[in-house]
Amino acid sequence: MISPGLPNENTSGLGFAVEQIANSLSSRLSLTIIQPEDVNNQSQIKELDTNQFKEEAVVNELTHINVKGNLSPYSYTNHEYKQEEEGGVKSEFEFFTQSVSNIAQTLDFDLIYAHDWVTFQAAKKLKERTKKPLVLHVHSLDVDRISSTSHSWVFNIEKTAFEIADAIISVSNYSANRIHKFYAIPTQKIHTVYNGCSLTLFPNYKKIFDEPVVLFAGRLTNQKAPQVFIEIAEKILQKRKDIRFVMAGEGPMKNSLIEMAAHKGIGDHVHFTGFVDRNEVAKI
């Protein structure tokens, strides 16, 4: 499995979703994960003991191989993104792709499983070299990440990977339809598998506000339509003033959203937290 990385400010909800998928899969099969991570040295590969394999039981193995790197699946979509920074993103991307290719030559595996564009080029190269089955898991698409009618360089990476893949997993029928429409991929290759969830019991944290709180949690980017949350807040506050609106998350639209709330005269009822980790999200 080629992963975009563990949950952090860069990978956002994508990292969390992939981590949960990995944990679930590792209870059913032997899983080796290669992922970009801001580390000083590549992690040691954990050797599998083939003597442990028995016909009546599958040995559950979960191995992480970290490649030094700092790739963000969303950085290129930033409205403030400078053209000279594109070279840096592409350089990180190419380094990760080559690293995966080098590492994979030392591994024995049956199937290649990759998540989102950061991993697709490496997965494509492995598929071409090994001829082993390739499954791509699509959590978001370039045509939705950027608010433009023109395609970015990432679009071509996605399209060529989709064409060579044996199967594509989409997180929604909406995304499945977009893959077919914009990337010209046959529908029979695309399979919708919705994200799962697990019930979590949250402790009773002390409330910050006495008033009811309405929460937006996610990246502040066009794909998530956070401006609609501000519009909703304005309409509700016209009816009643005893409500607080909290926008938890970071993104390129943050400053414009703060200005939007101020312009509408509701800035004292809308609060921006910036990036919050998992524990802070639970508290909110």
# chains A, B, ... in the order shown; residues from 1 in each chain; ligands from 1
call {"tool": "residues_around", "arguments": {"residues": "Met247 (chain A)", "least_positions_apart": "2", "cutoff": "10 Å", "atoms": "only C-alpha atoms", "output": "CSV table (one decimal) with C-alpha atoms, in the first residue's frame"}}
result
chain,number,residue,atom,x,y,z
A,214,VAL,CA,-22.7,25.1,15.2
A,215,LEU,CA,-19.5,23.5,13.9
A,216,PHE,CA,-17.7,23.4,10.5
A,217,ALA,CA,-14.8,21.0,10.6
A,218,GLY,CA,-12.6,20.6,7.5
A,219,ARG,CA,-10.2,22.3,5.2
A,220,LEU,CA,-11.1,25.9,4.4
A,226,PRO,CA,-17.0,26.9,3.6
A,229,PHE,CA,-21.4,28.0,6.2
A,230,ILE,CA,-21.0,31.8,6.6
A,245,PHE,CA,-20.4,29.4,14.8
A,249,GLY,CA,-9.6,24.0,10.1
A,250,GLU,CA,-6.9,25.6,8.0
A,254,LYS,CA,-9.3,31.4,5.7
A,257,LEU,CA,-13.8,33.9,5.1
A,270,VAL,CA,-18.0,33.3,14.0
A,271,HIS,CA,-14.8,31.9,15.4
A,272,PHE,CA,-11.8,30.5,13.5
A,273,THR,CA,-9.6,28.0,15.3
A,274,GLY,CA,-7.0,27.3,12.6
A,275,PHE,CA,-5.7,23.7,12.4
call {"tool": "closest_residue", "arguments": {"among": "A:Asn23, A:Tyr194, A:Ser3, A:Ala167", "to": "Phe96 (chain A)", "atoms": "only C-alpha atoms"}}
result
A:Ser3
call {"tool": "residues_around", "arguments": {"residues": "region 205-213 of chain A", "least_positions_apart": "6", "cutoff": "12 Å", "atoms": "only C-alpha atoms", "output": "ChimeraX atom specification"}}
result
/A:233,240-247,269-271,279-284
call {"tool": "write_last_selection", "arguments": {"atoms": "N, CA, C and O atoms", "output": "PDB file, in the first residue's frame"}}
result
ATOM      1  N   ALA A 233     -24.858  31.011   8.533  1.00  0.00           N
ATOM      2  CA  ALA A 233     -24.725  31.701   9.824  1.00  0.00           C
ATOM      3  C   ALA A 233     -25.430  33.052   9.784  1.00  0.00           C
ATOM      4  O   ALA A 233     -26.147  33.427  10.726  1.00  0.00           O
ATOM      5  N   ARG A 240     -32.073  34.693  15.328  1.00  0.00           N
ATOM      6  CA  ARG A 240     -31.712  34.624  16.749  1.00  0.00           C
ATOM      7  C   ARG A 240     -30.212  34.854  16.916  1.00  0.00           C
ATOM      8  O   ARG A 240     -29.414  34.386  16.118  1.00  0.00           O
ATOM      9  N   LYS A 241     -29.863  35.545  17.999  1.00  0.00           N
ATOM     10  CA  LYS A 241     -28.471  35.969  18.195  1.00  0.00           C
ATOM     11  C   LYS A 241     -27.699  35.086  19.171  1.00  0.00           C
ATOM     12  O   LYS A 241     -26.509  35.292  19.377  1.00  0.00           O
ATOM     13  N   ASP A 242     -28.377  34.113  19.774  1.00  0.00           N
ATOM     14  CA  ASP A 242     -27.736  33.342  20.860  1.00  0.00           C
ATOM     15  C   ASP A 242     -27.030  32.083  20.347  1.00  0.00           C
ATOM     16  O   ASP A 242     -27.089  31.032  20.976  1.00  0.00           O
ATOM     17  N   ILE A 243     -26.353  32.168  19.202  1.00  0.00           N
ATOM     18  CA  ILE A 243     -25.673  31.002  18.629  1.00  0.00           C
ATOM     19  C   ILE A 243     -24.255  31.392  18.221  1.00  0.00           C
ATOM     20  O   ILE A 243     -24.023  32.487  17.704  1.00  0.00           O
ATOM     21  N   ARG A 244     -23.307  30.490  18.466  1.00  0.00           N
ATOM     22  CA  ARG A 244     -21.917  30.675  18.039  1.00  0.00           C
ATOM     23  C   ARG A 244     -21.617  29.728  16.889  1.00  0.00           C
ATOM     24  O   ARG A 244     -22.063  28.575  16.875  1.00  0.00           O
ATOM     25  N   PHE A 245     -20.854  30.210  15.934  1.00  0.00           N
ATOM     26  CA  PHE A 245     -20.439  29.392  14.793  1.00  0.00           C
ATOM     27  C   PHE A 245     -18.915  29.238  14.835  1.00  0.00           C
ATOM     28  O   PHE A 245     -18.195  30.236  14.911  1.00  0.00           O
ATOM     29  N   VAL A 246     -18.451  27.997  14.796  1.00  0.00           N
ATOM     30  CA  VAL A 246     -17.017  27.711  14.882  1.00  0.00           C
ATOM     31  C   VAL A 246     -16.547  27.047  13.594  1.00  0.00           C
ATOM     32  O   VAL A 246     -17.133  26.053  13.148  1.00  0.00           O
ATOM     33  N   MET A 247     -15.497  27.608  12.985  1.00  0.00           N
ATOM     34  CA  MET A 247     -14.893  27.010  11.799  1.00  0.00           C
ATOM     35  C   MET A 247     -13.537  26.439  12.200  1.00  0.00           C
ATOM     36  O   MET A 247     -12.563  27.186  12.412  1.00  0.00           O
ATOM     37  N   HIS A 269     -19.751  36.492  16.144  1.00  0.00           N
ATOM     38  CA  HIS A 269     -20.421  35.208  16.373  1.00  0.00           C
ATOM     39  C   HIS A 269     -19.744  34.055  15.635  1.00  0.00           C
ATOM     40  O   HIS A 269     -20.175  32.908  15.760  1.00  0.00           O
ATOM     41  N   VAL A 270     -18.727  34.361  14.814  1.00  0.00           N
ATOM     42  CA  VAL A 270     -18.039  33.325  14.028  1.00  0.00           C
ATOM     43  C   VAL A 270     -16.585  33.242  14.485  1.00  0.00           C
ATOM     44  O   VAL A 270     -15.870  34.246  14.478  1.00  0.00           O
ATOM     45  N   HIS A 271     -16.152  32.070  14.884  1.00  0.00           N
ATOM     46  CA  HIS A 271     -14.814  31.881  15.444  1.00  0.00           C
ATOM     47  C   HIS A 271     -13.994  30.939  14.566  1.00  0.00           C
ATOM     48  O   HIS A 271     -14.485  29.890  14.154  1.00  0.00           O
ATOM     49  N   ASN A 279      -7.527  15.414  19.124  1.00  0.00           N
ATOM     50  CA  ASN A 279      -8.021  15.645  20.489  1.00  0.00           C
ATOM     51  C   ASN A 279      -8.815  16.945  20.583  1.00  0.00           C
ATOM     52  O   ASN A 279      -9.849  17.005  21.258  1.00  0.00           O
ATOM     53  N   GLU A 280      -8.333  17.974  19.900  1.00  0.00           N
ATOM     54  CA  GLU A 280      -9.036  19.254  19.922  1.00  0.00           C
ATOM     55  C   GLU A 280     -10.366  19.165  19.184  1.00  0.00           C
ATOM     56  O   GLU A 280     -11.349  19.786  19.593  1.00  0.00           O
ATOM     57  N   VAL A 281     -10.390  18.402  18.092  1.00  0.00           N
ATOM     58  CA  VAL A 281     -11.656  18.201  17.370  1.00  0.00           C
ATOM     59  C   VAL A 281     -12.673  17.524  18.283  1.00  0.00           C
ATOM     60  O   VAL A 281     -13.847  17.894  18.319  1.00  0.00           O
ATOM     61  N   ALA A 282     -12.217  16.530  19.057  1.00  0.00           N
ATOM     62  CA  ALA A 282     -13.112  15.831  19.985  1.00  0.00           C
ATOM     63  C   ALA A 282     -13.680  16.800  21.019  1.00  0.00           C
ATOM     64  O   ALA A 282     -14.862  16.729  21.364  1.00  0.00           O
ATOM     65  N   LYS A 283     -12.847  17.716  21.499  1.00  0.00           N
ATOM     66  CA  LYS A 283     -13.316  18.703  22.491  1.00  0.00           C
ATOM     67  C   LYS A 283     -14.360  19.624  21.897  1.00  0.00           C
ATOM     68  O   LYS A 283     -15.368  19.946  22.526  1.00  0.00           O
ATOM     69  N   ILE A 284     -14.118  20.045  20.664  1.00  0.00           N
ATOM     70  CA  ILE A 284     -15.085  20.936  20.013  1.00  0.00           C
ATOM     71  C   ILE A 284     -16.405  20.209  19.768  1.00  0.00           C
ATOM     72  O   ILE A 284     -17.487  20.760  19.940  1.00  0.00           O
TER      73      ILE A 284
END
call {"tool": "residues_around", "arguments": {"residues": "region 179-192 of chain A", "least_positions_apart": "4", "cutoff": "9 Å", "atoms": "only C-alpha atoms", "output": "list in words"}}
result
Leu141, Val143, Phe155, Glu158, Lys159, Phe162, Glu163, Ala165, Asp166, Ala167, Ile168, Ile169, Ser170, Val171, Ser172, Asn173, Tyr174 and Ser175 of chain A
call {"tool": "write_last_selection", "arguments": {"atoms": "N, CA and C atoms", "output": "JSON list (two decimals), in the first residue's frame"}}
result
[["chain", "number", "residue", "atom", "x", "y", "z"],
["A", 141, "LEU", "N", -10.51, 14.51, -6.30],
["A", 141, "LEU", "CA", -10.05, 14.63, -7.68],
["A", 141, "LEU", "C", -9.55, 16.04, -7.98],
["A", 143, "VAL", "N", -10.18, 17.76, -10.54],
["A", 143, "VAL", "CA", -11.27, 18.58, -11.11],
["A", 143, "VAL", "C", -12.15, 19.18, -10.02],
["A", 155, "PHE", "N", -3.85, 16.60, -12.90],
["A", 155, "PHE", "CA", -4.90, 15.94, -13.66],
["A", 155, "PHE", "C", -4.32, 14.84, -14.56],
["A", 158, "GLU", "N", -3.34, 11.78, -12.60],
["A", 158, "GLU", "CA", -4.52, 10.99, -12.25],
["A", 158, "GLU", "C", -5.03, 10.20, -13.46],
["A", 159, "LYS", "N", -5.15, 10.86, -14.60],
["A", 159, "LYS", "CA", -5.73, 10.21, -15.78],
["A", 159, "LYS", "C", -4.91, 9.01, -16.26],
["A", 162, "PHE", "N", -5.36, 6.18, -13.80],
["A", 162, "PHE", "CA", -6.69, 5.56, -13.93],
["A", 162, "PHE", "C", -6.73, 4.60, -15.12],
["A", 163, "GLU", "N", -6.08, 5.00, -16.20],
["A", 163, "GLU", "CA", -6.12, 4.19, -17.43],
["A", 163, "GLU", "C", -5.39, 2.85, -17.27],
["A", 165, "ALA", "N", -4.86, 1.30, -14.28],
["A", 165, "ALA", "CA", -5.32, 0.57, -13.08],
["A", 165, "ALA", "C", -6.25, -0.59, -13.46],
["A", 166, "ASP", "N", -6.21, -1.63, -12.64],
["A", 166, "ASP", "CA", -7.14, -2.76, -12.82],
["A", 166, "ASP", "C", -8.49, -2.45, -12.20],
["A", 167, "ALA", "N", -8.49, -1.66, -11.12],
["A", 167, "ALA", "CA", -9.74, -1.28, -10.46],
["A", 167, "ALA", "C", -9.53, 0.06, -9.75],
["A", 168, "ILE", "N", -10.63, 0.82, -9.64],
["A", 168, "ILE", "CA", -10.61, 2.11, -8.97],
["A", 168, "ILE", "C", -11.70, 2.13, -7.90],
["A", 169, "ILE", "N", -11.32, 2.49, -6.68],
["A", 169, "ILE", "CA", -12.29, 2.64, -5.60],
["A", 169, "ILE", "C", -12.59, 4.13, -5.45],
["A", 170, "SER", "N", -13.86, 4.48, -5.49],
["A", 170, "SER", "CA", -14.29, 5.86, -5.29],
["A", 170, "SER", "C", -15.06, 5.95, -3.97],
["A", 171, "VAL", "N", -14.91, 7.08, -3.26],
["A", 171, "VAL", "CA", -15.59, 7.22, -1.96],
["A", 171, "VAL", "C", -17.05, 7.64, -2.09],
["A", 172, "SER", "N", -17.51, 7.91, -3.32],
["A", 172, "SER", "CA", -18.91, 8.28, -3.52],
["A", 172, "SER", "C", -19.31, 8.07, -4.96],
["A", 173, "ASN", "N", -20.60, 7.98, -5.21],
["A", 173, "ASN", "CA", -21.10, 7.89, -6.58],
["A", 173, "ASN", "C", -20.82, 9.19, -7.34],
["A", 174, "TYR", "N", -20.83, 10.30, -6.61],
["A", 174, "TYR", "CA", -20.51, 11.59, -7.22],
["A", 174, "TYR", "C", -19.11, 11.53, -7.85],
["A", 175, "SER", "N", -18.12, 11.08, -7.05],
["A", 175, "SER", "CA", -16.75, 11.01, -7.55],
["A", 175, "SER", "C", -16.63, 9.98, -8.67]]
call {"tool": "atom_distance", "arguments": {"atom1": "CA of Ala17 (chain A)", "atom2": "CA of Gly196 (chain A)"}}
result
8.8 Å
call {"tool": "atom_distance", "arguments": {"atom1": "CA of Gly88 (chain A)", "atom2": "CA of Pro36 (chain A)"}}
result
14.8 Å
